[in-house]
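Q: Provided below: final.pdb, containing PDB, C-alpha atoms.
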```pdb
ATOM      1  CA  MET A   8      23.617   6.690 -14.191
ATOM      2  CA  LYS A   9      21.375   3.635 -13.966
ATOM      3  CA  ASP A  10      17.855   3.667 -15.328
ATOM      4  CA  ILE A  11      15.095   3.756 -12.741
ATOM      5  CA  LYS A  12      11.327   3.314 -12.776
ATOM      6  CA  TRP A  13       8.686   4.838 -10.522
ATOM      7  CA  THR A  14       5.183   3.365 -10.256
ATOM      8  CA  LEU A  15       2.446   5.987  -9.899
ATOM      9  CA  LYS A  16      -1.319   6.070  -9.311
ATOM     10  CA  GLY A  17      -3.239   3.477 -11.285
ATOM     11  CA  GLY A  18      -0.103   1.453 -11.967
ATOM     12  CA  MET A  19       1.306   4.007 -14.430
ATOM     13  CA  VAL A  20       5.084   3.600 -14.668
ATOM     14  CA  LEU A  21       7.416   6.541 -15.166
ATOM     15  CA  GLY A  22      10.576   5.448 -16.945
ATOM     16  CA  PRO A  23      12.774   3.574 -17.253
ATOM     17  CA  ALA A  24      15.092   6.571 -17.509
ATOM     18  CA  PRO A  25      18.412   7.653 -15.993
ATOM     19  CA  PHE A  26      16.814  10.672 -14.320
ATOM     20  CA  PHE A  27      13.516  12.444 -13.787
ATOM     21  CA  ILE A  28      13.027  16.217 -13.582
ATOM     22  CA  ALA A  29      10.162  17.618 -11.536
ATOM     23  CA  GLY A  30       9.375  21.171 -12.586
ATOM     24  CA  VAL A  31       8.153  23.470  -9.818
ATOM     25  CA  VAL A  32       4.824  25.210 -10.469
ATOM     26  CA  ASN A  33       4.029  27.502  -7.542
ATOM     27  CA  VAL A  34       0.467  28.769  -7.921
ATOM     28  CA  THR A  35       1.061  30.972  -4.887
ATOM     29  CA  PRO A  36       1.610  34.648  -4.050
ATOM     30  CA  ASP A  37       4.389  34.039  -1.520
ATOM     31  CA  SER A  38       6.743  31.194  -2.463
ATOM     32  CA  PHE A  39      10.370  32.043  -1.731
ATOM     33  CA  TYR A  40      11.639  32.015  -5.326
ATOM     34  CA  ASP A  41       8.823  32.913  -7.720
ATOM     35  CA  GLY A  42       5.929  33.802  -5.441
ATOM     36  CA  GLY A  43       3.311  35.746  -7.361
ATOM     37  CA  ASP A  44       4.812  35.078 -10.803
ATOM     38  CA  HIS A  45       2.326  32.292 -11.580
ATOM     39  CA  ALA A  46      -0.325  32.897  -8.936
ATOM     40  CA  ASP A  47      -3.419  32.840 -11.156
ATOM     41  CA  THR A  48      -4.715  29.918 -13.190
ATOM     42  CA  GLU A  49      -3.701  31.233 -16.595
ATOM     43  CA  CYS A  50      -0.140  32.102 -15.567
ATOM     44  CA  GLY A  51       0.267  28.877 -13.609
ATOM     45  CA  LEU A  52      -0.953  26.774 -16.522
ATOM     46  CA  ASP A  53       1.212  28.629 -19.031
ATOM     47  CA  HIS A  54       4.269  28.160 -16.846
ATOM     48  CA  ALA A  55       3.551  24.459 -16.390
ATOM     49  CA  LEU A  56       3.154  23.973 -20.135
ATOM     50  CA  LEU A  57       6.469  25.762 -20.698
ATOM     51  CA  LEU A  58       8.239  23.469 -18.226
ATOM     52  CA  ALA A  59       6.698  20.461 -19.955
ATOM     53  CA  LYS A  60       8.010  21.714 -23.293
ATOM     54  CA  GLN A  61      11.472  22.162 -21.749
ATOM     55  CA  GLY A  62      11.570  18.524 -20.699
ATOM     56  CA  ALA A  63       9.985  18.172 -17.264
ATOM     57  CA  HIS A  64       8.907  14.588 -16.657
ATOM     58  CA  ILE A  65       6.834  15.732 -13.670
ATOM     59  CA  LEU A  66       4.968  18.991 -13.043
ATOM     60  CA  ASP A  67       4.736  19.573  -9.293
ATOM     61  CA  ILE A  68       1.758  21.861  -8.631
ATOM     62  CA  GLY A  69       1.608  23.642  -5.283
ATOM     63  CA  GLY A  70      -0.977  26.039  -3.881
ATOM     64  CA  GLU A  71       0.543  26.796  -0.477
ATOM     65  CA  SER A  72       4.043  28.057   0.172
ATOM     66  CA  THR A  73       6.109  25.833   2.464
ATOM     67  CA  ARG A  74       8.989  28.285   2.814
ATOM     68  CA  PRO A  75      10.166  28.941   6.386
ATOM     69  CA  TYR A  76       7.634  30.967   8.415
ATOM     70  CA  ALA A  77       4.970  30.745   5.698
ATOM     71  CA  ASP A  78       1.346  31.164   6.752
ATOM     72  CA  LYS A  79      -1.115  28.311   6.339
ATOM     73  CA  VAL A  80      -3.627  28.482   3.475
ATOM     74  CA  SER A  81      -7.203  27.252   3.760
ATOM     75  CA  GLU A  82      -8.199  24.091   1.927
ATOM     76  CA  ALA A  83     -10.709  26.036  -0.165
ATOM     77  CA  ASP A  84      -8.105  28.571  -1.284
ATOM     78  CA  GLU A  85      -5.562  25.859  -2.061
ATOM     79  CA  LEU A  86      -8.084  23.942  -4.151
ATOM     80  CA  GLU A  87      -9.062  27.088  -6.030
ATOM     81  CA  ARG A  88      -5.428  27.598  -6.959
ATOM     82  CA  VAL A  89      -4.379  24.084  -7.989
ATOM     83  CA  ILE A  90      -7.367  22.197  -9.415
ATOM     84  CA  PRO A  91      -7.898  24.415 -12.509
ATOM     85  CA  VAL A  92      -4.195  24.109 -13.356
ATOM     86  CA  ILE A  93      -4.256  20.326 -13.001
ATOM     87  CA  GLU A  94      -7.407  20.079 -15.119
ATOM     88  CA  GLY A  95      -5.839  22.335 -17.745
ATOM     89  CA  LEU A  96      -2.756  20.133 -17.935
ATOM     90  CA  ILE A  97      -4.816  16.969 -18.281
ATOM     91  CA  ASP A  98      -6.892  18.602 -21.041
ATOM     92  CA  ALA A  99      -3.666  19.567 -22.842
ATOM     93  CA  HIS A 100      -2.652  15.859 -23.167
ATOM     94  CA  ILE A 101       0.987  16.554 -22.374
ATOM     95  CA  SER A 102       3.500  13.766 -21.813
ATOM     96  CA  SER A 103       4.545  15.070 -18.391
ATOM     97  CA  VAL A 104       2.778  13.607 -15.371
ATOM     98  CA  VAL A 105       1.197  15.777 -12.693
ATOM     99  CA  SER A 106       2.163  15.872  -9.026
ATOM    100  CA  ILE A 107       0.258  17.649  -6.259
ATOM    101  CA  ASP A 108       2.370  19.307  -3.584
ATOM    102  CA  THR A 109       0.153  19.304  -0.498
ATOM    103  CA  TYR A 110      -0.167  17.934   3.015
ATOM    104  CA  LYS A 111      -3.966  18.250   3.201
ATOM    105  CA  ALA A 112      -6.062  15.116   2.696
ATOM    106  CA  GLY A 113      -8.911  16.986   0.997
ATOM    107  CA  VAL A 114      -6.629  18.715  -1.486
ATOM    108  CA  ALA A 115      -4.724  15.506  -2.195
ATOM    109  CA  ALA A 116      -7.892  13.515  -2.901
ATOM    110  CA  LYS A 117      -9.414  16.125  -5.206
ATOM    111  CA  ALA A 118      -6.127  16.623  -7.051
ATOM    112  CA  LEU A 119      -5.698  12.882  -7.544
ATOM    113  CA  ASP A 120      -9.291  12.695  -8.802
ATOM    114  CA  ALA A 121      -8.521  15.547 -11.209
ATOM    115  CA  GLY A 122      -5.584  13.684 -12.765
ATOM    116  CA  ALA A 123      -2.535  14.015 -10.531
ATOM    117  CA  VAL A 124      -0.652  10.728 -10.130
ATOM    118  CA  ILE A 125       1.986  11.753  -7.556
ATOM    119  CA  LEU A 126       1.583  13.176  -4.064
ATOM    120  CA  ASN A 127       4.504  15.296  -2.844
ATOM    121  CA  ASP A 128       3.971  15.553   0.906
ATOM    122  CA  VAL A 129       6.260  17.757   3.015
ATOM    123  CA  SER A 130       4.566  16.482   6.176
ATOM    124  CA  ALA A 131       5.165  12.730   5.871
ATOM    125  CA  PHE A 132       1.410  12.403   6.626
ATOM    126  CA  ALA A 133       1.883  14.022  10.048
ATOM    127  CA  PHE A 134      -0.055  17.303   9.696
ATOM    128  CA  ASP A 135      -3.422  15.876   8.612
ATOM    129  CA  PRO A 136      -4.523  12.611  10.235
ATOM    130  CA  GLU A 137      -6.662  11.698   7.216
ATOM    131  CA  LEU A 138      -3.866  11.913   4.651
ATOM    132  CA  LEU A 139      -2.581   8.383   5.220
ATOM    133  CA  ASP A 140      -6.057   7.080   4.367
ATOM    134  CA  VAL A 141      -5.934   9.010   1.070
ATOM    135  CA  ILE A 142      -2.511   7.538   0.311
ATOM    136  CA  ALA A 143      -3.790   4.041   1.059
ATOM    137  CA  GLN A 144      -6.882   4.516  -1.107
ATOM    138  CA  TYR A 145      -5.306   6.110  -4.198
ATOM    139  CA  LYS A 146      -1.835   4.525  -4.011
ATOM    140  CA  PRO A 147      -0.124   7.403  -5.841
ATOM    141  CA  GLY A 148       3.522   7.841  -6.485
ATOM    142  CA  TYR A 149       4.528   9.247  -3.119
ATOM    143  CA  VAL A 150       7.308  11.636  -2.120
ATOM    144  CA  LEU A 151       8.044  10.934   1.547
ATOM    145  CA  MET A 152       9.835  14.010   2.854
ATOM    146  CA  HIS A 153      11.523  14.769   6.162
ATOM    147  CA  SER A 154      10.692  18.025   7.918
ATOM    148  CA  LEU A 155      11.385  18.980  11.510
ATOM    149  CA  GLY A 156       8.003  20.513  12.251
ATOM    150  CA  LYS A 157       5.681  22.763  10.280
ATOM    151  CA  PRO A 158       6.872  25.585   7.994
ATOM    152  CA  LYS A 159       5.787  28.258  10.494
ATOM    153  CA  SER A 160       8.192  26.976  13.147
ATOM    154  CA  MET A 161      10.605  24.470  11.560
ATOM    155  CA  GLN A 162      13.584  26.868  11.538
ATOM    156  CA  ASN A 163      13.303  27.698  15.250
ATOM    157  CA  GLU A 164      16.598  26.218  16.493
ATOM    158  CA  PRO A 165      16.491  22.781  14.809
ATOM    159  CA  LYS A 166      18.680  20.190  16.548
ATOM    160  CA  TYR A 167      19.836  16.664  15.665
ATOM    161  CA  ASP A 168      22.119  14.076  17.211
ATOM    162  CA  ASP A 169      23.368  13.074  13.764
ATOM    163  CA  VAL A 170      21.206  14.564  11.029
ATOM    164  CA  VAL A 171      21.653  11.711   8.535
ATOM    165  CA  ASP A 172      21.140   8.988  11.148
ATOM    166  CA  ASP A 173      18.097  10.789  12.497
ATOM    167  CA  ILE A 174      16.505  11.164   9.060
ATOM    168  CA  ILE A 175      17.225   7.540   8.158
ATOM    169  CA  ALA A 176      15.484   6.439  11.379
ATOM    170  CA  PHE A 177      12.570   8.738  10.509
ATOM    171  CA  PHE A 178      12.280   7.201   7.031
ATOM    172  CA  GLU A 179      12.422   3.661   8.416
ATOM    173  CA  GLU A 180       9.519   4.409  10.754
ATOM    174  CA  LYS A 181       7.448   6.118   8.055
ATOM    175  CA  LEU A 182       8.117   3.382   5.495
ATOM    176  CA  GLU A 183       6.841   0.821   7.978
ATOM    177  CA  SER A 184       3.633   2.864   8.390
ATOM    178  CA  LEU A 185       3.212   3.017   4.614
ATOM    179  CA  ASP A 186       3.759  -0.746   4.369
ATOM    180  CA  LYS A 187       0.997  -1.293   6.914
ATOM    181  CA  ALA A 188      -1.278   1.067   4.965
ATOM    182  CA  GLY A 189      -0.766  -1.045   1.847
ATOM    183  CA  LEU A 190       1.305   1.330  -0.285
ATOM    184  CA  PRO A 191       3.737  -0.701  -2.405
ATOM    185  CA  ARG A 192       7.383   0.290  -1.984
ATOM    186  CA  ASP A 193       7.759   0.885  -5.719
ATOM    187  CA  ARG A 194       5.485   3.936  -5.283
ATOM    188  CA  VAL A 195       7.748   5.636  -2.702
ATOM    189  CA  VAL A 196      10.706   7.970  -3.149
ATOM    190  CA  LEU A 197      12.552   9.736  -0.330
ATOM    191  CA  ASP A 198      13.242  13.460   0.036
ATOM    192  CA  PRO A 199      15.594  14.374   2.925
ATOM    193  CA  GLY A 200      14.040  17.839   2.988
ATOM    194  CA  ILE A 201      16.836  20.322   2.378
ATOM    195  CA  GLY A 202      15.955  23.521   4.258
ATOM    196  CA  PHE A 203      13.023  22.006   6.150
ATOM    197  CA  GLY A 204      14.037  22.317   9.787
ATOM    198  CA  LYS A 205      17.750  22.332   8.967
ATOM    199  CA  LEU A 206      20.579  24.810   9.422
ATOM    200  CA  LEU A 207      23.389  25.159   6.893
ATOM    201  CA  GLU A 208      25.531  22.539   8.619
ATOM    202  CA  HIS A 209      22.626  20.075   8.588
ATOM    203  CA  ASN A 210      21.948  20.615   4.876
ATOM    204  CA  LEU A 211      25.610  20.168   3.980
ATOM    205  CA  ALA A 212      25.864  17.021   6.104
ATOM    206  CA  ILE A 213      22.875  15.542   4.269
ATOM    207  CA  LEU A 214      24.375  16.297   0.867
ATOM    208  CA  ARG A 215      27.785  14.936   1.865
ATOM    209  CA  GLY A 216      26.159  11.807   3.276
ATOM    210  CA  ILE A 217      23.592  11.231   0.539
ATOM    211  CA  ASP A 218      25.051   7.786  -0.229
ATOM    212  CA  ARG A 219      23.980   6.595   3.211
ATOM    213  CA  PHE A 220      20.311   6.862   2.251
ATOM    214  CA  LYS A 221      20.774   4.206  -0.427
ATOM    215  CA  ALA A 222      20.606   1.540   2.274
ATOM    216  CA  LEU A 223      16.849   2.214   2.495
ATOM    217  CA  GLY A 224      16.402   0.883  -1.040
ATOM    218  CA  GLN A 225      14.252   3.755  -2.336
ATOM    219  CA  PRO A 226      15.118   6.377  -4.995
ATOM    220  CA  ILE A 227      16.094   9.817  -3.695
ATOM    221  CA  PHE A 228      14.067  12.879  -4.667
ATOM    222  CA  MET A 229      16.107  16.050  -4.203
ATOM    223  CA  GLY A 230      14.794  19.589  -3.843
ATOM    224  CA  LEU A 231      17.590  22.133  -3.432
ATOM    225  CA  SER A 232      16.804  24.461  -6.319
ATOM    226  CA  ASN A 233      17.680  28.084  -5.429
ATOM    227  CA  LYS A 234      17.299  27.426  -1.698
ATOM    228  CA  SER A 235      18.830  29.421   1.132
ATOM    229  CA  ILE A 236      21.643  26.882   1.541
ATOM    230  CA  TRP A 237      23.347  28.806  -1.260
ATOM    231  CA  GLN A 238      22.986  32.067   0.619
ATOM    232  CA  GLY A 239      24.449  30.494   3.729
ATOM    233  CA  LEU A 240      27.334  28.859   1.882
ATOM    234  CA  LEU A 241      28.076  31.446  -0.817
ATOM    235  CA  GLY A 242      26.226  34.615   0.192
ATOM    236  CA  LEU A 243      23.956  34.464  -2.851
ATOM    237  CA  ASP A 244      20.633  36.263  -3.065
ATOM    238  CA  VAL A 245      17.630  34.295  -4.300
ATOM    239  CA  ASN A 246      18.064  35.290  -7.966
ATOM    240  CA  GLU A 247      21.801  34.495  -7.977
ATOM    241  CA  ARG A 248      21.645  30.791  -7.098
ATOM    242  CA  GLY A 249      21.210  29.182 -10.510
ATOM    243  CA  ASN A 250      24.834  28.172 -11.004
ATOM    244  CA  ALA A 251      25.103  26.748  -7.479
ATOM    245  CA  THR A 252      21.917  24.776  -8.072
ATOM    246  CA  GLN A 253      23.286  23.246 -11.274
ATOM    247  CA  ALA A 254      26.652  22.406  -9.727
ATOM    248  CA  ALA A 255      24.993  20.615  -6.819
ATOM    249  CA  THR A 256      22.547  18.863  -9.146
ATOM    250  CA  ALA A 257      25.456  17.491 -11.179
ATOM    251  CA  VAL A 258      27.350  16.264  -8.102
ATOM    252  CA  LEU A 259      24.270  14.598  -6.629
ATOM    253  CA  ALA A 260      23.403  12.947  -9.945
ATOM    254  CA  MET A 261      26.917  11.510 -10.047
ATOM    255  CA  LYS A 262      26.287  10.181  -6.533
ATOM    256  CA  GLY A 263      23.190   8.372  -7.732
ATOM    257  CA  VAL A 264      20.338  10.803  -6.984
ATOM    258  CA  PRO A 265      17.886  10.286  -9.880
ATOM    259  CA  ILE A 266      14.968  12.691  -9.243
ATOM    260  CA  HIS A 267      15.475  16.449  -9.126
ATOM    261  CA  ARG A 268      12.832  19.067  -8.279
ATOM    262  CA  VAL A 269      13.884  22.305  -9.960
ATOM    263  CA  HIS A 270      12.700  25.730 -11.033
ATOM    264  CA  ASP A 271      14.864  25.872 -14.178
ATOM    265  CA  VAL A 272      13.979  22.751 -16.126
ATOM    266  CA  GLU A 273      15.962  23.626 -19.252
ATOM    267  CA  PHE A 274      19.275  24.004 -17.421
ATOM    268  CA  ALA A 275      18.613  20.946 -15.251
ATOM    269  CA  ARG A 276      17.940  18.870 -18.363
ATOM    270  CA  GLN A 277      21.257  20.003 -19.830
ATOM    271  CA  THR A 278      23.128  19.311 -16.595
ATOM    272  CA  LEU A 279      21.661  15.836 -16.121
ATOM    273  CA  THR A 280      22.123  14.872 -19.765
ATOM    274  CA  ILE A 281      25.811  15.776 -19.530
ATOM    275  CA  VAL A 282      26.256  13.781 -16.331
ATOM    276  CA  ASN A 283      24.501  10.793 -17.886
ATOM    277  CA  GLU A 284      26.780  10.884 -20.911
ATOM    278  CA  ILE A 285      30.139  11.312 -19.209
ATOM    279  CA  ALA A 286      29.881  10.066 -15.601
TER     280      ALA A 286
END
```
Please, can you express the file's structure as structure tokens?

A:
Amino acid sequence: MKDIKWTLKGGMVLGPAPFFIAGVVNVTPDSFYDGGDHADTECGLDHALLLAKQGAHILDIGGESTRPYADKVSEADELERVIPVIEGLIDAHISSVVSIDTYKAGVAAKALDAGAVILNDVSAFAFDPELLDVIAQYKPGYVLMHSLGKPKSMQNEPKYDDVVDDIIAFFEEKLESLDKAGLPRDRVVLDPGIGFGKLLEHNLAILRGIDRFKALGQPIFMGLSNKSIWQGLLGLDVNERGNATQAATAVLAMKGVPIHRVHDVEFARQTLTIVNEIA
């Protein structure tokens, strides 16, 4: 595994390191895996601090579920969920950096003001017309993700000509828009969006063809932790997918994927350390 660097808001540089782990902190009542477990400020902050202790380089804080068919949350409610957690993490002076998982311009701006340095955007700045202006102004580390529509409808019969070709073309178009907005390429990583407007065959095709995304020249950010792909492939319920997640994480790391968004930071750290030592 080769060392990589990722430039974040304010010119902060994450790395160099062979891999980065983004720990998932869902401050929500309805996320698919741990909805409700960390839904209030105290529980969300405690969970984030635990993930930091376990080795998360990034703490990805989200206040609205983006699972299939999830309902939209108001900006006020989302802010009430995420800002106190971000402020608590900054006050704790941890070594992990903070990411805000949102597609709303108002939430992104306030979270970046509060201390977040990464914006993880499932919408590729398509749901809120003002978000690209926020990206241009703050120049955060930016996760550019592919989704076929909004969470409420993205799983309604998704279709592709060739899923990898289609996503590569999508990324090329979006990267050009980011270039025009003035976001340096060293701020951008690419998430093909496993489970976001994809059926099982689409998800598997993306994972098999992950090497093809390297031609875009940006690091890959992968979020497949405990997702329904493992139910479709192996028949596993949501609390039975840990081993499948680790196996896939190891294979993708060996294929050169350096950034992994996970629920179980401790096991991911073990998996990625092993791959780094023996691959």

Q: Atom CA of A:Pro25 and atom CA of A:Phe220 are how many Å apart?

A: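 So the answer is 18.4 Å.
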
Q: Just the residues within 8 Å of stretch 213-217 of chain A, please, counting only C-alpha atoms, with nothing from its chain fewer than 4 positions along; format it as a list in words.

A: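 Close residues of stretch 213-217 of chain A: Val170, Val171, Pro199, Ile201, His209, Lys221, Leu259 and Lys262 of chain A.
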
Q: Translate the PyMOL selection byres ((chain A and resi 179) around 12) into a concrete residue list for this structure, as a PyMOL selection string.

A: chain A and resi 131+151+153+172-178+180-186+197+220+222-225

Q: Rank nothing, just name the residue among A:Val32, A:Ser106, A:Ala63, A:Phe203 nearest to A:Glu273, using all atoms listed in the file.

A: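 Distance minimum relative to A:Glu273 lands on A:Ala63.
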
Q: Do you know which residues are at most 7 Å from A:Ala116 counting all atoms listed in the file, after dropping those on the same chain fewer than 4 positions away, and could you put them as JSON, numbers by chain?

A: {"A": [112, 120, 141]}

Q: Generate the output file for the selected residues, C-alpha atoms, as a short mmCIF file (atom, residue, chain, number, x, y, z; two decimals), keeping the file's coordinate frame.

A:
```
data_model
loop_
_atom_site.label_atom_id
_atom_site.label_comp_id
_atom_site.auth_asym_id
_atom_site.auth_seq_id
_atom_site.Cartn_x
_atom_site.Cartn_y
_atom_site.Cartn_z
CA ALA A 112 -6.06 15.12 2.70
CA ASP A 120 -9.29 12.70 -8.80
CA VAL A 141 -5.93 9.01 1.07
#
```

Q: Would you kindly translate the PyMOL selection byres ((chain A and resi 227) around 7) into the concrete residues it picks from this file, as a list in words?

A: Val196, Leu197, Asp198, Gln225, Pro226, Phe228, Met229, Val264, Pro265 and Ile266 of chain A

Q: For the file shown, report as a PyMOL selection string the outcome of the PyMOL selection byres ((chain A and resi 147) around 9) at residue level.

A: chain A and resi 14-18+119+123-126+142-146+148-149+190+194-195

Q: Assuming the input is short of atoms at stretch 14-39 of chain A, produce N, CA and C atoms for that part as a PDB file, in the frame of the given file.

A:
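Below is the file selection07.pdb, written as the result:
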```pdb
ATOM      1  N   THR A  14       6.579   3.705 -10.030  1.00  0.00           N
ATOM      2  CA  THR A  14       5.183   3.365 -10.256  1.00  0.00           C
ATOM      3  C   THR A  14       4.284   4.398  -9.586  1.00  0.00           C
ATOM      4  N   LEU A  15       3.299   4.885 -10.334  1.00  0.00           N
ATOM      5  CA  LEU A  15       2.446   5.987  -9.899  1.00  0.00           C
ATOM      6  C   LEU A  15       1.001   5.510  -9.741  1.00  0.00           C
ATOM      7  N   LYS A  16       0.091   6.420  -9.479  1.00  0.00           N
ATOM      8  CA  LYS A  16      -1.319   6.070  -9.311  1.00  0.00           C
ATOM      9  C   LYS A  16      -1.844   5.284 -10.514  1.00  0.00           C
ATOM     10  N   GLY A  17      -2.648   4.272 -10.221  1.00  0.00           N
ATOM     11  CA  GLY A  17      -3.239   3.477 -11.285  1.00  0.00           C
ATOM     12  C   GLY A  17      -2.293   2.504 -11.940  1.00  0.00           C
ATOM     13  N   GLY A  18      -1.084   2.363 -11.383  1.00  0.00           N
ATOM     14  CA  GLY A  18      -0.103   1.453 -11.967  1.00  0.00           C
ATOM     15  C   GLY A  18       0.696   2.054 -13.106  1.00  0.00           C
ATOM     16  N   MET A  19       0.486   3.347 -13.413  1.00  0.00           N
ATOM     17  CA  MET A  19       1.306   4.007 -14.430  1.00  0.00           C
ATOM     18  C   MET A  19       2.770   3.947 -14.011  1.00  0.00           C
ATOM     19  N   VAL A  20       3.657   3.692 -14.965  1.00  0.00           N
ATOM     20  CA  VAL A  20       5.084   3.600 -14.668  1.00  0.00           C
ATOM     21  C   VAL A  20       5.823   4.720 -15.385  1.00  0.00           C
ATOM     22  N   LEU A  21       6.556   5.496 -14.612  1.00  0.00           N
ATOM     23  CA  LEU A  21       7.416   6.541 -15.166  1.00  0.00           C
ATOM     24  C   LEU A  21       8.796   5.937 -15.387  1.00  0.00           C
ATOM     25  N   GLY A  22       9.297   6.039 -16.623  1.00  0.00           N
ATOM     26  CA  GLY A  22      10.576   5.448 -16.945  1.00  0.00           C
ATOM     27  C   GLY A  22      10.376   4.130 -17.693  1.00  0.00           C
ATOM     28  N   PRO A  23      11.451   3.360 -17.849  1.00  0.00           N
ATOM     29  CA  PRO A  23      12.774   3.574 -17.253  1.00  0.00           C
ATOM     30  C   PRO A  23      13.527   4.739 -17.896  1.00  0.00           C
ATOM     31  N   ALA A  24      14.296   5.433 -17.069  1.00  0.00           N
ATOM     32  CA  ALA A  24      15.092   6.571 -17.509  1.00  0.00           C
ATOM     33  C   ALA A  24      16.209   6.795 -16.504  1.00  0.00           C
ATOM     34  N   PRO A  25      17.300   7.418 -16.929  1.00  0.00           N
ATOM     35  CA  PRO A  25      18.412   7.653 -15.993  1.00  0.00           C
ATOM     36  C   PRO A  25      18.118   8.742 -14.969  1.00  0.00           C
ATOM     37  N   PHE A  26      17.172   9.625 -15.274  1.00  0.00           N
ATOM     38  CA  PHE A  26      16.814  10.672 -14.320  1.00  0.00           C
ATOM     39  C   PHE A  26      15.421  11.185 -14.638  1.00  0.00           C
ATOM     40  N   PHE A  27      14.802  11.772 -13.633  1.00  0.00           N
ATOM     41  CA  PHE A  27      13.516  12.444 -13.787  1.00  0.00           C
ATOM     42  C   PHE A  27      13.652  13.878 -13.272  1.00  0.00           C
ATOM     43  N   ILE A  28      13.046  14.813 -13.991  1.00  0.00           N
ATOM     44  CA  ILE A  28      13.027  16.217 -13.582  1.00  0.00           C
ATOM     45  C   ILE A  28      11.603  16.585 -13.201  1.00  0.00           C
ATOM     46  N   ALA A  29      11.448  17.100 -11.991  1.00  0.00           N
ATOM     47  CA  ALA A  29      10.162  17.618 -11.536  1.00  0.00           C
ATOM     48  C   ALA A  29      10.216  19.141 -11.591  1.00  0.00           C
ATOM     49  N   GLY A  30       9.414  19.727 -12.460  1.00  0.00           N
ATOM     50  CA  GLY A  30       9.375  21.171 -12.586  1.00  0.00           C
ATOM     51  C   GLY A  30       8.445  21.780 -11.551  1.00  0.00           C
ATOM     52  N   VAL A  31       8.907  22.830 -10.889  1.00  0.00           N
ATOM     53  CA  VAL A  31       8.153  23.470  -9.818  1.00  0.00           C
ATOM     54  C   VAL A  31       7.144  24.455 -10.405  1.00  0.00           C
ATOM     55  N   VAL A  32       5.883  24.284 -10.043  1.00  0.00           N
ATOM     56  CA  VAL A  32       4.824  25.210 -10.469  1.00  0.00           C
ATOM     57  C   VAL A  32       4.138  25.729  -9.208  1.00  0.00           C
ATOM     58  N   ASN A  33       4.571  26.896  -8.754  1.00  0.00           N
ATOM     59  CA  ASN A  33       4.029  27.502  -7.542  1.00  0.00           C
ATOM     60  C   ASN A  33       2.865  28.420  -7.904  1.00  0.00           C
ATOM     61  N   VAL A  34       1.654  27.947  -7.664  1.00  0.00           N
ATOM     62  CA  VAL A  34       0.467  28.769  -7.921  1.00  0.00           C
ATOM     63  C   VAL A  34       0.148  29.494  -6.604  1.00  0.00           C
ATOM     64  N   THR A  35       1.099  30.330  -6.196  1.00  0.00           N
ATOM     65  CA  THR A  35       1.061  30.972  -4.887  1.00  0.00           C
ATOM     66  C   THR A  35       1.526  32.421  -5.004  1.00  0.00           C
ATOM     67  N   PRO A  36       1.120  33.270  -4.057  1.00  0.00           N
ATOM     68  CA  PRO A  36       1.610  34.648  -4.050  1.00  0.00           C
ATOM     69  C   PRO A  36       2.884  34.834  -3.251  1.00  0.00           C
ATOM     70  N   ASP A  37       3.349  33.800  -2.518  1.00  0.00           N
ATOM     71  CA  ASP A  37       4.389  34.039  -1.520  1.00  0.00           C
ATOM     72  C   ASP A  37       5.459  32.966  -1.444  1.00  0.00           C
ATOM     73  N   SER A  38       5.648  32.154  -2.479  1.00  0.00           N
ATOM     74  CA  SER A  38       6.743  31.194  -2.463  1.00  0.00           C
ATOM     75  C   SER A  38       8.074  31.934  -2.503  1.00  0.00           C
ATOM     76  N   PHE A  39       9.125  31.305  -1.959  1.00  0.00           N
ATOM     77  CA  PHE A  39      10.370  32.043  -1.731  1.00  0.00           C
ATOM     78  C   PHE A  39      11.042  32.483  -3.022  1.00  0.00           C
TER      79      PHE A  39
END
```
